[in-house]
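Chemist: Have a look at this one before I ask anything.
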Amino acid sequence: MNDDGQATTELKNSFDYNDSNRDGKISLEEFKNMLDELESYVSDGEARIGFSAIDSDHDGAIDFDEFLAWWTER
């Protein structure tokens with residue numbers, strides 16, 4: 001497997017881990033839990049701002065494509 005494929009697989013695994021209800025999307029609450037696990041303690045307002053920035057289609061959830069785009073922009 002090439003490095004890009006392996007990185008995508010690892011990101012998918014991370015996404016799936018944080019999608020605790022297994023609906024294929026990360027909710028704001030799941031996003032906050034992810035930040036807490038990463039020891040990125042932010043206020044609710046800061047979490048909402050970050051979440052909104054990643055949720056590019058503004059449907060109230062982060063899907064894997066949005067998660068991947070956010071991660072690869074970093």
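Naming scheme: A, B, ... for chains in displayed order of the structure tokens; residues 1 onward per chain; ligands 1 onward as shown.
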Would you list, as a ChimeraX atom specification, the residues of segment 3-72 of chain A that end up in helix (DSSP H, G or I) under DSSP run on this structure's backbone?

Modeler: /A:3-18,28-37,44-54,64-72

Chemist: Go ahead and dump the residues you just picked, C-alpha atoms, as a PDB file, in the first residue's frame.

Modeler:
```
ATOM      1  CA  ASP A   3       1.773   6.135   1.764  1.00  0.00           C
ATOM      2  CA  ASP A   4      -1.289   8.089   0.589  1.00  0.00           C
ATOM      3  CA  GLY A   5      -3.477   4.988   0.788  1.00  0.00           C
ATOM      4  CA  GLN A   6      -2.150   4.110   4.210  1.00  0.00           C
ATOM      5  CA  ALA A   7      -2.673   7.670   5.461  1.00  0.00           C
ATOM      6  CA  THR A   8      -6.248   7.680   4.141  1.00  0.00           C
ATOM      7  CA  THR A   9      -6.919   4.336   5.820  1.00  0.00           C
ATOM      8  CA  GLU A  10      -5.567   5.659   9.126  1.00  0.00           C
ATOM      9  CA  LEU A  11      -7.718   8.781   8.830  1.00  0.00           C
ATOM     10  CA  LYS A  12     -10.772   6.645   8.060  1.00  0.00           C
ATOM     11  CA  ASN A  13     -10.046   4.556  11.147  1.00  0.00           C
ATOM     12  CA  SER A  14      -9.781   7.733  13.217  1.00  0.00           C
ATOM     13  CA  PHE A  15     -13.004   9.064  11.723  1.00  0.00           C
ATOM     14  CA  ASP A  16     -14.816   5.804  12.438  1.00  0.00           C
ATOM     15  CA  TYR A  17     -13.486   5.745  16.001  1.00  0.00           C
ATOM     16  CA  ASN A  18     -14.849   9.250  16.622  1.00  0.00           C
ATOM     17  CA  LEU A  28     -20.791  18.442  17.231  1.00  0.00           C
ATOM     18  CA  GLU A  29     -20.887  16.361  20.421  1.00  0.00           C
ATOM     19  CA  GLU A  30     -18.630  13.693  18.885  1.00  0.00           C
ATOM     20  CA  PHE A  31     -16.312  16.464  17.656  1.00  0.00           C
ATOM     21  CA  LYS A  32     -16.068  17.883  21.184  1.00  0.00           C
ATOM     22  CA  ASN A  33     -15.278  14.399  22.520  1.00  0.00           C
ATOM     23  CA  MET A  34     -12.559  14.027  19.871  1.00  0.00           C
ATOM     24  CA  LEU A  35     -11.004  17.339  20.924  1.00  0.00           C
ATOM     25  CA  ASP A  36     -11.097  16.266  24.574  1.00  0.00           C
ATOM     26  CA  GLU A  37      -9.358  12.986  23.737  1.00  0.00           C
ATOM     27  CA  ASP A  44     -18.011  25.285  23.547  1.00  0.00           C
ATOM     28  CA  GLY A  45     -17.936  28.397  21.371  1.00  0.00           C
ATOM     29  CA  GLU A  46     -14.480  27.583  20.023  1.00  0.00           C
ATOM     30  CA  ALA A  47     -15.569  24.010  19.308  1.00  0.00           C
ATOM     31  CA  ARG A  48     -18.613  25.282  17.412  1.00  0.00           C
ATOM     32  CA  ILE A  49     -16.450  27.614  15.323  1.00  0.00           C
ATOM     33  CA  GLY A  50     -14.019  24.812  14.472  1.00  0.00           C
ATOM     34  CA  PHE A  51     -16.855  22.419  13.725  1.00  0.00           C
ATOM     35  CA  SER A  52     -18.549  24.941  11.425  1.00  0.00           C
ATOM     36  CA  ALA A  53     -15.299  25.518   9.563  1.00  0.00           C
ATOM     37  CA  ILE A  54     -14.945  21.788   8.844  1.00  0.00           C
ATOM     38  CA  PHE A  64     -15.537  11.681   5.950  1.00  0.00           C
ATOM     39  CA  ASP A  65     -14.815  13.831   2.874  1.00  0.00           C
ATOM     40  CA  GLU A  66     -14.982  16.988   5.012  1.00  0.00           C
ATOM     41  CA  PHE A  67     -12.815  15.346   7.676  1.00  0.00           C
ATOM     42  CA  LEU A  68     -10.273  14.311   5.044  1.00  0.00           C
ATOM     43  CA  ALA A  69     -10.223  17.792   3.461  1.00  0.00           C
ATOM     44  CA  TRP A  70      -9.721  19.396   6.883  1.00  0.00           C
ATOM     45  CA  TRP A  71      -6.941  17.026   7.846  1.00  0.00           C
ATOM     46  CA  THR A  72      -5.056  17.372   4.568  1.00  0.00           C
TER      47      THR A  72
END
```
